[in-house]
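As stored in protein_9.txt (compact mmCIF, N, CA and C atoms):
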```
# COMPACT_ATOMS: atom_id res chain seq x y z
N CYS A 1 0.85 -1.18 0.00
CA CYS A 1 0.00 0.00 0.00
C CYS A 1 0.89 1.24 0.00
N VAL A 2 0.51 2.21 -0.77
CA VAL A 2 1.23 3.49 -0.80
C VAL A 2 0.34 4.54 -0.14
N ILE A 3 0.86 5.17 0.89
CA ILE A 3 0.14 6.24 1.58
C ILE A 3 0.68 7.57 1.06
N ALA A 4 -0.20 8.41 0.56
CA ALA A 4 0.18 9.74 0.09
C ALA A 4 -0.46 10.77 1.02
N PRO A 5 0.34 11.32 1.94
CA PRO A 5 -0.24 12.29 2.88
C PRO A 5 -0.34 13.67 2.27
N GLY A 6 -1.23 14.46 2.85
CA GLY A 6 -1.33 15.87 2.49
C GLY A 6 -0.31 16.67 3.28
N PHE A 7 -0.63 17.93 3.55
CA PHE A 7 0.22 18.82 4.35
C PHE A 7 0.14 18.36 5.79
N VAL A 8 1.22 17.79 6.30
CA VAL A 8 1.23 17.21 7.63
C VAL A 8 1.43 18.31 8.68
N TYR A 9 0.52 18.36 9.63
CA TYR A 9 0.67 19.33 10.71
C TYR A 9 0.69 18.61 12.05
N GLY A 10 1.24 19.29 13.02
CA GLY A 10 1.43 18.75 14.36
C GLY A 10 2.76 19.28 14.85
N THR A 11 3.34 18.62 15.81
CA THR A 11 4.63 19.09 16.31
C THR A 11 5.74 18.43 15.50
N THR A 12 5.69 18.67 14.19
CA THR A 12 6.66 18.13 13.24
C THR A 12 7.62 19.24 12.83
N GLY A 13 8.77 18.87 12.33
CA GLY A 13 9.80 19.82 11.95
C GLY A 13 9.32 20.91 11.00
N PHE A 14 8.74 20.52 9.87
CA PHE A 14 8.33 21.49 8.87
C PHE A 14 7.27 22.43 9.41
N PHE A 15 6.27 21.87 10.06
CA PHE A 15 5.18 22.69 10.60
C PHE A 15 5.69 23.66 11.66
N VAL A 16 6.56 23.19 12.52
CA VAL A 16 7.13 24.06 13.55
C VAL A 16 7.95 25.18 12.91
N GLU A 17 8.72 24.86 11.88
CA GLU A 17 9.54 25.89 11.21
C GLU A 17 8.66 26.93 10.53
N VAL A 18 7.59 26.49 9.88
CA VAL A 18 6.66 27.45 9.26
C VAL A 18 6.05 28.34 10.33
N THR A 19 5.67 27.75 11.44
CA THR A 19 5.08 28.52 12.54
C THR A 19 6.08 29.52 13.09
N LYS A 20 7.34 29.13 13.21
CA LYS A 20 8.39 30.07 13.68
C LYS A 20 8.52 31.25 12.71
N LEU A 21 8.45 30.96 11.41
CA LEU A 21 8.54 32.05 10.43
C LEU A 21 7.35 32.99 10.54
N ILE A 22 6.16 32.42 10.75
CA ILE A 22 4.97 33.27 10.93
C ILE A 22 5.15 34.13 12.17
N LYS A 23 5.60 33.52 13.27
CA LYS A 23 5.79 34.25 14.52
C LYS A 23 6.80 35.39 14.37
N SER A 24 7.85 35.15 13.59
CA SER A 24 8.90 36.17 13.42
C SER A 24 8.50 37.27 12.43
N GLY A 25 7.41 37.06 11.71
CA GLY A 25 6.99 38.03 10.70
C GLY A 25 7.72 37.87 9.38
N LYS A 26 8.50 36.80 9.24
CA LYS A 26 9.28 36.58 8.02
C LYS A 26 8.55 35.72 6.99
N PHE A 27 7.36 35.27 7.32
CA PHE A 27 6.61 34.43 6.39
C PHE A 27 5.68 35.31 5.56
N ALA A 28 5.68 35.10 4.26
CA ALA A 28 4.77 35.81 3.37
C ALA A 28 4.07 34.78 2.48
N LEU A 29 2.88 35.09 2.06
CA LEU A 29 2.08 34.18 1.25
C LEU A 29 2.33 34.42 -0.24
N PRO A 30 3.05 33.51 -0.90
CA PRO A 30 3.29 33.68 -2.33
C PRO A 30 1.97 33.63 -3.10
N GLY A 31 1.74 34.65 -3.90
CA GLY A 31 0.52 34.67 -4.69
C GLY A 31 -0.73 34.87 -3.86
N GLY A 32 -0.59 35.25 -2.61
CA GLY A 32 -1.74 35.50 -1.76
C GLY A 32 -2.29 34.28 -1.05
N GLY A 33 -1.71 33.11 -1.31
CA GLY A 33 -2.17 31.90 -0.62
C GLY A 33 -3.56 31.45 -1.06
N ASN A 34 -3.91 31.73 -2.30
CA ASN A 34 -5.25 31.40 -2.80
C ASN A 34 -5.37 29.99 -3.37
N ASN A 35 -4.46 29.13 -3.00
CA ASN A 35 -4.48 27.76 -3.48
C ASN A 35 -4.88 26.83 -2.33
N TYR A 36 -5.42 25.68 -2.68
CA TYR A 36 -5.88 24.74 -1.67
C TYR A 36 -4.79 23.76 -1.26
N TRP A 37 -4.75 23.50 0.03
CA TRP A 37 -3.92 22.44 0.61
C TRP A 37 -4.85 21.46 1.29
N SER A 38 -4.43 20.22 1.36
CA SER A 38 -5.19 19.19 2.05
C SER A 38 -4.38 18.74 3.26
N PRO A 39 -4.67 19.32 4.43
CA PRO A 39 -3.88 18.99 5.61
C PRO A 39 -4.23 17.62 6.20
N ILE A 40 -3.34 17.12 7.05
CA ILE A 40 -3.59 15.90 7.81
C ILE A 40 -2.79 16.00 9.11
N TYR A 41 -3.46 15.73 10.22
CA TYR A 41 -2.81 15.75 11.52
C TYR A 41 -1.88 14.54 11.62
N ILE A 42 -0.70 14.72 12.16
CA ILE A 42 0.33 13.67 12.16
C ILE A 42 -0.15 12.37 12.81
N GLU A 43 -0.90 12.46 13.88
CA GLU A 43 -1.38 11.24 14.53
C GLU A 43 -2.45 10.53 13.70
N ASP A 44 -3.23 11.30 12.94
CA ASP A 44 -4.19 10.68 12.02
C ASP A 44 -3.46 9.96 10.89
N LEU A 45 -2.37 10.56 10.44
CA LEU A 45 -1.55 9.92 9.41
C LEU A 45 -0.94 8.62 9.95
N ALA A 46 -0.46 8.65 11.18
CA ALA A 46 0.12 7.45 11.80
C ALA A 46 -0.93 6.34 11.89
N ALA A 47 -2.15 6.70 12.23
CA ALA A 47 -3.22 5.69 12.31
C ALA A 47 -3.49 5.06 10.94
N ALA A 48 -3.40 5.85 9.89
CA ALA A 48 -3.58 5.31 8.54
C ALA A 48 -2.44 4.36 8.18
N TYR A 49 -1.21 4.72 8.56
CA TYR A 49 -0.07 3.83 8.33
C TYR A 49 -0.26 2.50 9.05
N LEU A 50 -0.73 2.55 10.29
CA LEU A 50 -0.96 1.31 11.04
C LEU A 50 -1.99 0.43 10.34
N SER A 51 -3.06 1.03 9.86
CA SER A 51 -4.07 0.26 9.13
C SER A 51 -3.48 -0.35 7.86
N ALA A 52 -2.63 0.41 7.18
CA ALA A 52 -2.01 -0.10 5.96
C ALA A 52 -1.09 -1.28 6.28
N LEU A 53 -0.38 -1.21 7.40
CA LEU A 53 0.51 -2.31 7.80
C LEU A 53 -0.26 -3.59 8.09
N GLU A 54 -1.51 -3.46 8.43
CA GLU A 54 -2.35 -4.63 8.68
C GLU A 54 -2.81 -5.28 7.38
N GLY A 55 -2.39 -4.71 6.25
CA GLY A 55 -2.69 -5.31 4.95
C GLY A 55 -4.07 -5.02 4.42
N LYS A 56 -4.69 -3.98 4.93
CA LYS A 56 -6.07 -3.68 4.54
C LYS A 56 -6.19 -3.10 3.14
N ALA A 57 -5.11 -2.61 2.57
CA ALA A 57 -5.19 -1.99 1.24
C ALA A 57 -4.00 -2.40 0.37
N ASP A 58 -3.58 -3.65 0.48
CA ASP A 58 -2.43 -4.13 -0.29
C ASP A 58 -2.56 -3.79 -1.76
N GLY A 59 -1.48 -3.24 -2.31
CA GLY A 59 -1.44 -2.93 -3.74
C GLY A 59 -2.14 -1.66 -4.14
N LYS A 60 -2.66 -0.92 -3.21
CA LYS A 60 -3.40 0.31 -3.52
C LYS A 60 -2.60 1.54 -3.11
N ALA A 61 -2.93 2.66 -3.72
CA ALA A 61 -2.39 3.96 -3.33
C ALA A 61 -3.55 4.79 -2.80
N VAL A 62 -3.39 5.34 -1.61
CA VAL A 62 -4.47 6.11 -1.01
C VAL A 62 -3.98 7.46 -0.52
N LEU A 63 -4.84 8.45 -0.64
CA LEU A 63 -4.56 9.78 -0.12
C LEU A 63 -5.05 9.85 1.32
N VAL A 64 -4.19 10.31 2.21
CA VAL A 64 -4.55 10.43 3.61
C VAL A 64 -4.54 11.92 3.95
N VAL A 65 -5.74 12.47 4.06
CA VAL A 65 -5.93 13.90 4.28
C VAL A 65 -7.15 14.11 5.18
N ASP A 66 -7.28 15.33 5.69
CA ASP A 66 -8.48 15.70 6.46
C ASP A 66 -9.71 15.61 5.57
N ASP A 67 -10.87 15.77 6.18
CA ASP A 67 -12.12 15.73 5.43
C ASP A 67 -12.33 16.94 4.54
N GLU A 68 -11.66 18.06 4.86
CA GLU A 68 -11.86 19.28 4.08
C GLU A 68 -10.53 19.95 3.73
N PRO A 69 -10.29 20.21 2.44
CA PRO A 69 -9.12 21.02 2.08
C PRO A 69 -9.36 22.46 2.53
N MET A 70 -8.28 23.22 2.67
CA MET A 70 -8.37 24.63 3.06
C MET A 70 -7.44 25.46 2.18
N LEU A 71 -7.79 26.71 2.03
CA LEU A 71 -6.87 27.62 1.35
C LEU A 71 -5.60 27.74 2.18
N MET A 72 -4.45 27.76 1.51
CA MET A 72 -3.18 27.94 2.19
C MET A 72 -3.24 29.19 3.08
N ARG A 73 -3.81 30.25 2.55
CA ARG A 73 -3.93 31.51 3.29
C ARG A 73 -4.67 31.29 4.60
N ASP A 74 -5.77 30.56 4.56
CA ASP A 74 -6.56 30.34 5.76
C ASP A 74 -5.82 29.48 6.78
N ILE A 75 -5.02 28.53 6.31
CA ILE A 75 -4.20 27.73 7.23
C ILE A 75 -3.20 28.62 7.94
N MET A 76 -2.50 29.46 7.19
CA MET A 76 -1.49 30.32 7.78
C MET A 76 -2.11 31.39 8.69
N TYR A 77 -3.27 31.90 8.30
CA TYR A 77 -3.97 32.87 9.15
C TYR A 77 -4.42 32.21 10.46
N GLU A 78 -4.89 30.99 10.36
CA GLU A 78 -5.34 30.26 11.55
C GLU A 78 -4.17 30.08 12.53
N ILE A 79 -3.01 29.71 11.99
CA ILE A 79 -1.82 29.57 12.84
C ILE A 79 -1.49 30.90 13.52
N ALA A 80 -1.44 31.96 12.73
CA ALA A 80 -1.11 33.29 13.27
C ALA A 80 -2.10 33.70 14.35
N ASP A 81 -3.37 33.46 14.12
CA ASP A 81 -4.39 33.82 15.11
C ASP A 81 -4.19 33.05 16.41
N TRP A 82 -3.89 31.76 16.32
CA TRP A 82 -3.73 30.93 17.51
C TRP A 82 -2.48 31.28 18.31
N ILE A 83 -1.45 31.77 17.64
CA ILE A 83 -0.24 32.13 18.40
C ILE A 83 -0.18 33.64 18.65
N ASN A 84 -1.26 34.33 18.33
CA ASN A 84 -1.41 35.76 18.63
C ASN A 84 -0.34 36.64 17.98
N VAL A 85 -0.14 36.45 16.69
CA VAL A 85 0.78 37.33 15.96
C VAL A 85 0.06 37.86 14.72
N LYS A 86 0.68 38.84 14.10
CA LYS A 86 0.13 39.44 12.89
C LYS A 86 0.06 38.39 11.78
N ARG A 87 -1.01 38.44 11.03
CA ARG A 87 -1.17 37.50 9.90
C ARG A 87 -0.12 37.79 8.82
N PRO A 88 0.32 36.73 8.13
CA PRO A 88 1.32 36.92 7.07
C PRO A 88 0.81 37.83 5.96
N ARG A 89 1.73 38.56 5.38
CA ARG A 89 1.40 39.44 4.26
C ARG A 89 1.45 38.65 2.95
N ASN A 90 0.93 39.23 1.91
CA ASN A 90 0.96 38.63 0.58
C ASN A 90 2.14 39.18 -0.21
N VAL A 91 2.73 38.32 -1.04
CA VAL A 91 3.75 38.78 -1.98
C VAL A 91 3.47 38.13 -3.34
N PRO A 92 3.77 38.84 -4.42
CA PRO A 92 3.61 38.23 -5.74
C PRO A 92 4.52 37.00 -5.88
N LYS A 93 4.10 36.05 -6.68
CA LYS A 93 4.89 34.83 -6.88
C LYS A 93 6.30 35.13 -7.37
N PHE A 94 6.44 36.11 -8.27
CA PHE A 94 7.77 36.38 -8.82
C PHE A 94 8.72 36.91 -7.74
N VAL A 95 8.19 37.65 -6.77
CA VAL A 95 9.02 38.14 -5.67
C VAL A 95 9.43 36.97 -4.78
N ALA A 96 8.48 36.12 -4.45
CA ALA A 96 8.77 34.94 -3.62
C ALA A 96 9.80 34.05 -4.31
N SER A 97 9.74 33.95 -5.64
CA SER A 97 10.68 33.11 -6.39
C SER A 97 12.13 33.55 -6.21
N VAL A 98 12.34 34.85 -6.04
CA VAL A 98 13.69 35.36 -5.83
C VAL A 98 14.28 34.80 -4.54
N PHE A 99 13.46 34.68 -3.51
CA PHE A 99 13.94 34.23 -2.20
C PHE A 99 13.84 32.72 -2.01
N MET A 100 12.80 32.12 -2.58
CA MET A 100 12.56 30.70 -2.35
C MET A 100 12.95 29.81 -3.52
N GLY A 101 13.07 30.40 -4.70
CA GLY A 101 13.29 29.62 -5.90
C GLY A 101 11.96 29.29 -6.57
N GLY A 102 11.98 29.26 -7.88
CA GLY A 102 10.75 29.04 -8.64
C GLY A 102 10.09 27.70 -8.36
N ALA A 103 10.88 26.65 -8.24
CA ALA A 103 10.32 25.31 -8.00
C ALA A 103 9.61 25.26 -6.65
N MET A 104 10.20 25.87 -5.63
CA MET A 104 9.59 25.87 -4.31
C MET A 104 8.28 26.66 -4.33
N VAL A 105 8.28 27.81 -4.99
CA VAL A 105 7.07 28.62 -5.08
C VAL A 105 5.98 27.86 -5.83
N ASP A 106 6.36 27.21 -6.93
CA ASP A 106 5.38 26.40 -7.66
C ASP A 106 4.81 25.30 -6.76
N GLY A 107 5.68 24.69 -5.97
CA GLY A 107 5.24 23.61 -5.08
C GLY A 107 4.25 24.06 -4.03
N VAL A 108 4.50 25.22 -3.42
CA VAL A 108 3.60 25.65 -2.34
C VAL A 108 2.38 26.41 -2.84
N THR A 109 2.36 26.81 -4.11
CA THR A 109 1.21 27.55 -4.63
C THR A 109 0.31 26.71 -5.52
N THR A 110 0.66 25.46 -5.72
CA THR A 110 -0.19 24.56 -6.50
C THR A 110 -1.36 24.11 -5.63
N SER A 111 -2.56 24.13 -6.18
CA SER A 111 -3.72 23.67 -5.43
C SER A 111 -3.74 22.16 -5.36
N ARG A 112 -4.05 21.66 -4.16
CA ARG A 112 -4.16 20.22 -3.93
C ARG A 112 -5.42 19.97 -3.12
N ARG A 113 -6.53 19.82 -3.84
CA ARG A 113 -7.81 19.53 -3.18
C ARG A 113 -8.02 18.02 -3.27
N CYS A 114 -7.71 17.35 -2.19
CA CYS A 114 -7.75 15.89 -2.17
C CYS A 114 -8.90 15.39 -1.31
N LYS A 115 -9.33 14.18 -1.61
CA LYS A 115 -10.39 13.53 -0.83
C LYS A 115 -9.82 12.28 -0.18
N ASN A 116 -10.36 11.95 0.97
CA ASN A 116 -9.88 10.79 1.72
C ASN A 116 -10.83 9.60 1.65
N ASP A 117 -11.77 9.62 0.72
CA ASP A 117 -12.79 8.56 0.64
C ASP A 117 -12.18 7.17 0.51
N LEU A 118 -11.17 7.02 -0.34
CA LEU A 118 -10.56 5.71 -0.55
C LEU A 118 -9.84 5.23 0.71
N ALA A 119 -9.16 6.13 1.40
CA ALA A 119 -8.50 5.75 2.65
C ALA A 119 -9.52 5.29 3.68
N LYS A 120 -10.63 6.00 3.77
CA LYS A 120 -11.68 5.61 4.71
C LYS A 120 -12.22 4.22 4.38
N GLN A 121 -12.43 4.01 3.10
CA GLN A 121 -13.02 2.74 2.67
C GLN A 121 -12.04 1.57 2.81
N LEU A 122 -10.86 1.69 2.24
CA LEU A 122 -9.92 0.57 2.21
C LEU A 122 -9.21 0.32 3.53
N LEU A 123 -8.94 1.38 4.26
CA LEU A 123 -8.18 1.23 5.51
C LEU A 123 -9.07 1.17 6.74
N ASP A 124 -10.38 1.32 6.53
CA ASP A 124 -11.31 1.38 7.66
C ASP A 124 -10.79 2.42 8.66
N TRP A 125 -10.53 3.61 8.13
CA TRP A 125 -9.87 4.69 8.85
C TRP A 125 -10.68 5.96 8.70
N LYS A 126 -10.59 6.82 9.68
CA LYS A 126 -11.10 8.18 9.54
C LYS A 126 -10.26 9.08 10.43
N PRO A 127 -10.09 10.34 10.05
CA PRO A 127 -9.27 11.23 10.87
C PRO A 127 -9.95 11.54 12.20
N ARG A 128 -9.18 11.47 13.27
CA ARG A 128 -9.69 11.85 14.59
C ARG A 128 -10.05 13.34 14.58
N TYR A 129 -9.22 14.12 13.91
CA TYR A 129 -9.48 15.54 13.74
C TYR A 129 -9.84 15.76 12.26
N PRO A 130 -11.13 15.87 11.97
CA PRO A 130 -11.56 15.90 10.57
C PRO A 130 -11.15 17.14 9.78
N THR A 131 -10.82 18.23 10.50
CA THR A 131 -10.40 19.45 9.80
C THR A 131 -9.22 20.08 10.55
N PHE A 132 -8.50 20.91 9.84
CA PHE A 132 -7.37 21.64 10.43
C PHE A 132 -7.85 22.51 11.59
N LYS A 133 -8.99 23.16 11.42
CA LYS A 133 -9.51 24.03 12.48
C LYS A 133 -9.83 23.26 13.75
N VAL A 134 -10.20 22.02 13.64
CA VAL A 134 -10.48 21.18 14.81
C VAL A 134 -9.17 20.64 15.40
N GLY A 135 -8.20 20.31 14.56
CA GLY A 135 -6.95 19.72 15.02
C GLY A 135 -5.98 20.70 15.64
N LEU A 136 -5.88 21.89 15.08
CA LEU A 136 -4.87 22.86 15.54
C LEU A 136 -4.98 23.18 17.03
N PRO A 137 -6.16 23.45 17.58
CA PRO A 137 -6.23 23.76 19.01
C PRO A 137 -5.67 22.66 19.91
N ASN A 138 -5.67 21.43 19.43
CA ASN A 138 -5.19 20.31 20.23
C ASN A 138 -3.67 20.24 20.33
N ILE A 139 -2.98 20.97 19.48
CA ILE A 139 -1.51 20.95 19.54
C ILE A 139 -0.92 22.29 19.94
N ILE A 140 -1.76 23.29 20.13
CA ILE A 140 -1.26 24.65 20.30
C ILE A 140 -0.39 24.79 21.55
N GLU A 141 -0.72 24.11 22.64
CA GLU A 141 0.10 24.21 23.85
C GLU A 141 1.51 23.65 23.59
N ASP A 142 1.58 22.46 22.96
CA ASP A 142 2.89 21.89 22.62
C ASP A 142 3.64 22.79 21.65
N LEU A 143 2.91 23.39 20.71
CA LEU A 143 3.53 24.26 19.73
C LEU A 143 4.14 25.49 20.40
N HIS A 144 3.44 26.06 21.37
CA HIS A 144 3.98 27.21 22.10
C HIS A 144 5.30 26.85 22.79
N GLU A 145 5.38 25.66 23.35
CA GLU A 145 6.62 25.21 24.00
C GLU A 145 7.76 25.10 23.00
N LEU A 146 7.46 24.55 21.83
CA LEU A 146 8.49 24.41 20.79
C LEU A 146 8.95 25.76 20.24
N LEU A 147 8.05 26.73 20.22
CA LEU A 147 8.40 28.05 19.70
C LEU A 147 9.31 28.82 20.65
N LYS A 148 9.34 28.43 21.91
CA LYS A 148 10.22 29.08 22.88
C LYS A 148 11.68 28.71 22.68
N ARG A 149 11.93 27.62 22.00
CA ARG A 149 13.29 27.13 21.82
C ARG A 149 14.03 27.88 20.74
```
As structure tokens, the full file:
Amino acid sequence: CVIAPGFVYGTTGFFVEVTKLIKSGKFALPGGGNNYWSPIYIEDLAAAYLSALEGKADGKAVLVVDDEPMLMRDIMYEIADWINVKRPRNVPKFVASVFMGGAMVDGVTTSRRCKNDLAKQLLDWKPRYPTFKVGLPNIIEDLHELLKR
């Protein structure tokens, strides 16, 4: 079974680093963040991996994501609101490309509206936190501790 996760959030390296950039005011939304991401809470992803290891979807490829995709902008605004900092500003894609590189900008500005129906069906799985807005408050205390470092 091949598990294809969405944007993984939780107390993970990438998510913590993005949050640190938002907190510092150094994060900007390339192209305004008007593209969709399909988040998945790290523990929900782990549960899907466990189901896959039990052989429930041998030979299949499944997307493991929350029940609802969100605009990248709304994800980043939600993070900023929860850690009580100013929301990230928008920058044109060409400006972001100078600092991040064109491939990176293309990667983060591509819309990825994914569904988890196949994962639910084949893995007998469902996310404990069905949306980013429901999952984020559950990690915010741990996230605050990581941001102090």
Which residues in stretch 7-100 of chain A does DSSP call strand (DSSP E or B)? List them as a PDB file with N, CA and C atoms, in the coordinates of the input.
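Written output follows (part_27.pdb):
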```
ATOM      1  N   PHE A   7      -0.630  17.930   3.550  1.00  0.00           N
ATOM      2  CA  PHE A   7       0.220  18.820   4.350  1.00  0.00           C
ATOM      3  C   PHE A   7       0.140  18.360   5.790  1.00  0.00           C
ATOM      4  N   VAL A   8       1.220  17.790   6.300  1.00  0.00           N
ATOM      5  CA  VAL A   8       1.230  17.210   7.630  1.00  0.00           C
ATOM      6  C   VAL A   8       1.430  18.310   8.680  1.00  0.00           C
ATOM      7  N   TYR A   9       0.520  18.360   9.630  1.00  0.00           N
ATOM      8  CA  TYR A   9       0.670  19.330  10.710  1.00  0.00           C
ATOM      9  C   TYR A   9       0.690  18.610  12.050  1.00  0.00           C
ATOM     10  N   ALA A  28       5.680  35.100   4.260  1.00  0.00           N
ATOM     11  CA  ALA A  28       4.770  35.810   3.370  1.00  0.00           C
ATOM     12  C   ALA A  28       4.070  34.780   2.480  1.00  0.00           C
ATOM     13  N   LEU A  29       2.880  35.090   2.060  1.00  0.00           N
ATOM     14  CA  LEU A  29       2.080  34.180   1.250  1.00  0.00           C
ATOM     15  C   LEU A  29       2.330  34.420  -0.240  1.00  0.00           C
ATOM     16  N   PRO A  30       3.050  33.510  -0.900  1.00  0.00           N
ATOM     17  CA  PRO A  30       3.290  33.680  -2.330  1.00  0.00           C
ATOM     18  C   PRO A  30       1.970  33.630  -3.100  1.00  0.00           C
ATOM     19  N   TYR A  36      -5.420  25.680  -2.680  1.00  0.00           N
ATOM     20  CA  TYR A  36      -5.880  24.740  -1.670  1.00  0.00           C
ATOM     21  C   TYR A  36      -4.790  23.760  -1.260  1.00  0.00           C
ATOM     22  N   TRP A  37      -4.750  23.500   0.030  1.00  0.00           N
ATOM     23  CA  TRP A  37      -3.920  22.440   0.610  1.00  0.00           C
ATOM     24  C   TRP A  37      -4.850  21.460   1.290  1.00  0.00           C
ATOM     25  N   PRO A  39      -4.670  19.320   4.430  1.00  0.00           N
ATOM     26  CA  PRO A  39      -3.880  18.990   5.610  1.00  0.00           C
ATOM     27  C   PRO A  39      -4.230  17.620   6.200  1.00  0.00           C
ATOM     28  N   ILE A  40      -3.340  17.120   7.050  1.00  0.00           N
ATOM     29  CA  ILE A  40      -3.590  15.900   7.810  1.00  0.00           C
ATOM     30  C   ILE A  40      -2.790  16.000   9.110  1.00  0.00           C
ATOM     31  N   TYR A  41      -3.460  15.730  10.220  1.00  0.00           N
ATOM     32  CA  TYR A  41      -2.810  15.750  11.520  1.00  0.00           C
ATOM     33  C   TYR A  41      -1.880  14.540  11.620  1.00  0.00           C
ATOM     34  N   ALA A  61      -2.930   2.660  -3.720  1.00  0.00           N
ATOM     35  CA  ALA A  61      -2.390   3.960  -3.330  1.00  0.00           C
ATOM     36  C   ALA A  61      -3.550   4.790  -2.800  1.00  0.00           C
ATOM     37  N   VAL A  62      -3.390   5.340  -1.610  1.00  0.00           N
ATOM     38  CA  VAL A  62      -4.470   6.110  -1.010  1.00  0.00           C
ATOM     39  C   VAL A  62      -3.980   7.460  -0.520  1.00  0.00           C
ATOM     40  N   LEU A  63      -4.840   8.450  -0.640  1.00  0.00           N
ATOM     41  CA  LEU A  63      -4.560   9.780  -0.120  1.00  0.00           C
ATOM     42  C   LEU A  63      -5.050   9.850   1.320  1.00  0.00           C
ATOM     43  N   VAL A  64      -4.190  10.310   2.210  1.00  0.00           N
ATOM     44  CA  VAL A  64      -4.550  10.430   3.610  1.00  0.00           C
ATOM     45  C   VAL A  64      -4.540  11.920   3.950  1.00  0.00           C
ATOM     46  N   MET A  70      -8.280  23.220   2.670  1.00  0.00           N
ATOM     47  CA  MET A  70      -8.370  24.630   3.060  1.00  0.00           C
ATOM     48  C   MET A  70      -7.440  25.460   2.180  1.00  0.00           C
ATOM     49  N   LEU A  71      -7.790  26.710   2.030  1.00  0.00           N
ATOM     50  CA  LEU A  71      -6.870  27.620   1.350  1.00  0.00           C
ATOM     51  C   LEU A  71      -5.600  27.740   2.180  1.00  0.00           C
ATOM     52  N   ARG A  89       1.730  38.560   5.380  1.00  0.00           N
ATOM     53  CA  ARG A  89       1.400  39.440   4.260  1.00  0.00           C
ATOM     54  C   ARG A  89       1.450  38.650   2.950  1.00  0.00           C
ATOM     55  N   ASN A  90       0.930  39.230   1.910  1.00  0.00           N
ATOM     56  CA  ASN A  90       0.960  38.630   0.580  1.00  0.00           C
ATOM     57  C   ASN A  90       2.140  39.180  -0.210  1.00  0.00           C
ATOM     58  N   VAL A  91       2.730  38.320  -1.040  1.00  0.00           N
ATOM     59  CA  VAL A  91       3.750  38.780  -1.980  1.00  0.00           C
ATOM     60  C   VAL A  91       3.470  38.130  -3.340  1.00  0.00           C
TER      61      VAL A  91
END
```
Kindly assemble as a tab-separated table a list of the stretch 70-132 of chain A residues that lie within 6.5 Å of stretch 26-33 of chain A, each paired with its nearest atom pair and their distance in Å to one decimal, using all atoms listed in the file, sorted first by chain and then by ascending residue number.
```
residue	atom	partner	partner_atom	distance
A:Leu71	C	A:Gly33	C	5.3
A:Met72	N	A:Gly33	C	4.6
A:Arg73	N	A:Gly33	C	3.8
A:Asp74	N	A:Gly33	C	6.1
A:Pro88	CA	A:Phe27	C	4.9
A:Arg89	C	A:Leu29	N	3.9
A:Asn90	CA	A:Leu29	N	4.3
A:Val91	C	A:Gly31	N	3.9
A:Pro92	C	A:Gly31	N	4.1
A:Lys93	N	A:Gly31	N	3.9
A:Ala96	CA	A:Pro30	CA	5.8
A:Thr109	CA	A:Pro30	C	6.3
```
With N, CA and C atoms retained, export the selected residues as a short mmCIF file (atom, residue, chain, number, x, y, z; two decimals), in the frame of the given file.
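And here's out-v2.cif as it stands now:
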```
data_model
loop_
_atom_site.label_atom_id
_atom_site.label_comp_id
_atom_site.auth_asym_id
_atom_site.auth_seq_id
_atom_site.Cartn_x
_atom_site.Cartn_y
_atom_site.Cartn_z
N LEU A 71 -7.79 26.71 2.03
CA LEU A 71 -6.87 27.62 1.35
C LEU A 71 -5.60 27.74 2.18
N MET A 72 -4.45 27.76 1.51
CA MET A 72 -3.18 27.94 2.19
C MET A 72 -3.24 29.19 3.08
N ARG A 73 -3.81 30.25 2.55
CA ARG A 73 -3.93 31.51 3.29
C ARG A 73 -4.67 31.29 4.60
N ASP A 74 -5.77 30.56 4.56
CA ASP A 74 -6.56 30.34 5.76
C ASP A 74 -5.82 29.48 6.78
N PRO A 88 0.32 36.73 8.13
CA PRO A 88 1.32 36.92 7.07
C PRO A 88 0.81 37.83 5.96
N ARG A 89 1.73 38.56 5.38
CA ARG A 89 1.40 39.44 4.26
C ARG A 89 1.45 38.65 2.95
N ASN A 90 0.93 39.23 1.91
CA ASN A 90 0.96 38.63 0.58
C ASN A 90 2.14 39.18 -0.21
N VAL A 91 2.73 38.32 -1.04
CA VAL A 91 3.75 38.78 -1.98
C VAL A 91 3.47 38.13 -3.34
N PRO A 92 3.77 38.84 -4.42
CA PRO A 92 3.61 38.23 -5.74
C PRO A 92 4.52 37.00 -5.88
N LYS A 93 4.10 36.05 -6.68
CA LYS A 93 4.89 34.83 -6.88
C LYS A 93 6.30 35.13 -7.37
N ALA A 96 8.48 36.12 -4.45
CA ALA A 96 8.77 34.94 -3.62
C ALA A 96 9.80 34.05 -4.31
N THR A 109 2.36 26.81 -4.11
CA THR A 109 1.21 27.55 -4.63
C THR A 109 0.31 26.71 -5.52
#
```
From the set A:Ile75, A:Asp106, A:Thr19, A:Ala52, which residue has the shortest atom-to-atom contact distance to A:Ile3, counting only N, CA and C atoms? A:Ala52
Centre and edge lengths of an axis-aligned box around all listed atoms of stretch 34-52 of chain A, with 5 Å added on each side, are to be given in Å to one decimal, as lines of an AutoDock Vina configuration file.
```
center_x = -2.8
center_y = 15.2
center_z = 5.5
size_x = 16.2
size_y = 43.0
size_z = 28.0
```
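Among the candidates A:Leu122, A:Leu147, A:Cys114, A:Ile140, the one nearest to A:Pro69 when counting only N, CA and C atoms is A:Cys114.
Among A:Met70, A:Leu53, A:Ala80, A:Leu136, the residue with the shortest atom-to-atom distance to A:Tyr36, counting all atoms listed in the file, is A:Met70.
Across A:Ile139, A:Val16, A:Leu118, A:Ile22, the tightest approach to A:Val85 is made by A:Ile22 when counting only N, CA and C atoms.
Atom CA of A:Gly135 to atom CA of A:Tyr9 spans 8.8 Å [interatomic distance, one decimal].
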Residues within 6.5 Å of A:Tyr41, please, as a ChimeraX atom specification. Count all atoms listed in the file; anything in the same chain fewer than 5 positions from it doesn't count. /A:7-10,46,65-66
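The spacing separating atom CA of A:Glu141 from atom CA of A:Glu17 amounts to 15.9 Å.
Here atom C of A:Arg87 stands at a distance of 18.6 Å from atom C of A:His144.
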From the list A:Arg113, A:Pro137, A:Gly59, A:Phe99, which residue is nearest A:Trp82 when using all atoms listed in the file? A:Pro137
Can you list, as a PyMOL selection string, all residues belonging to stretch 21-136 of chain A that DSSP tags as helix (DSSP H, G or I)? chain A and resi 21-24+31-33+42-53+72-82+93-100+102-109+117-123+132-136
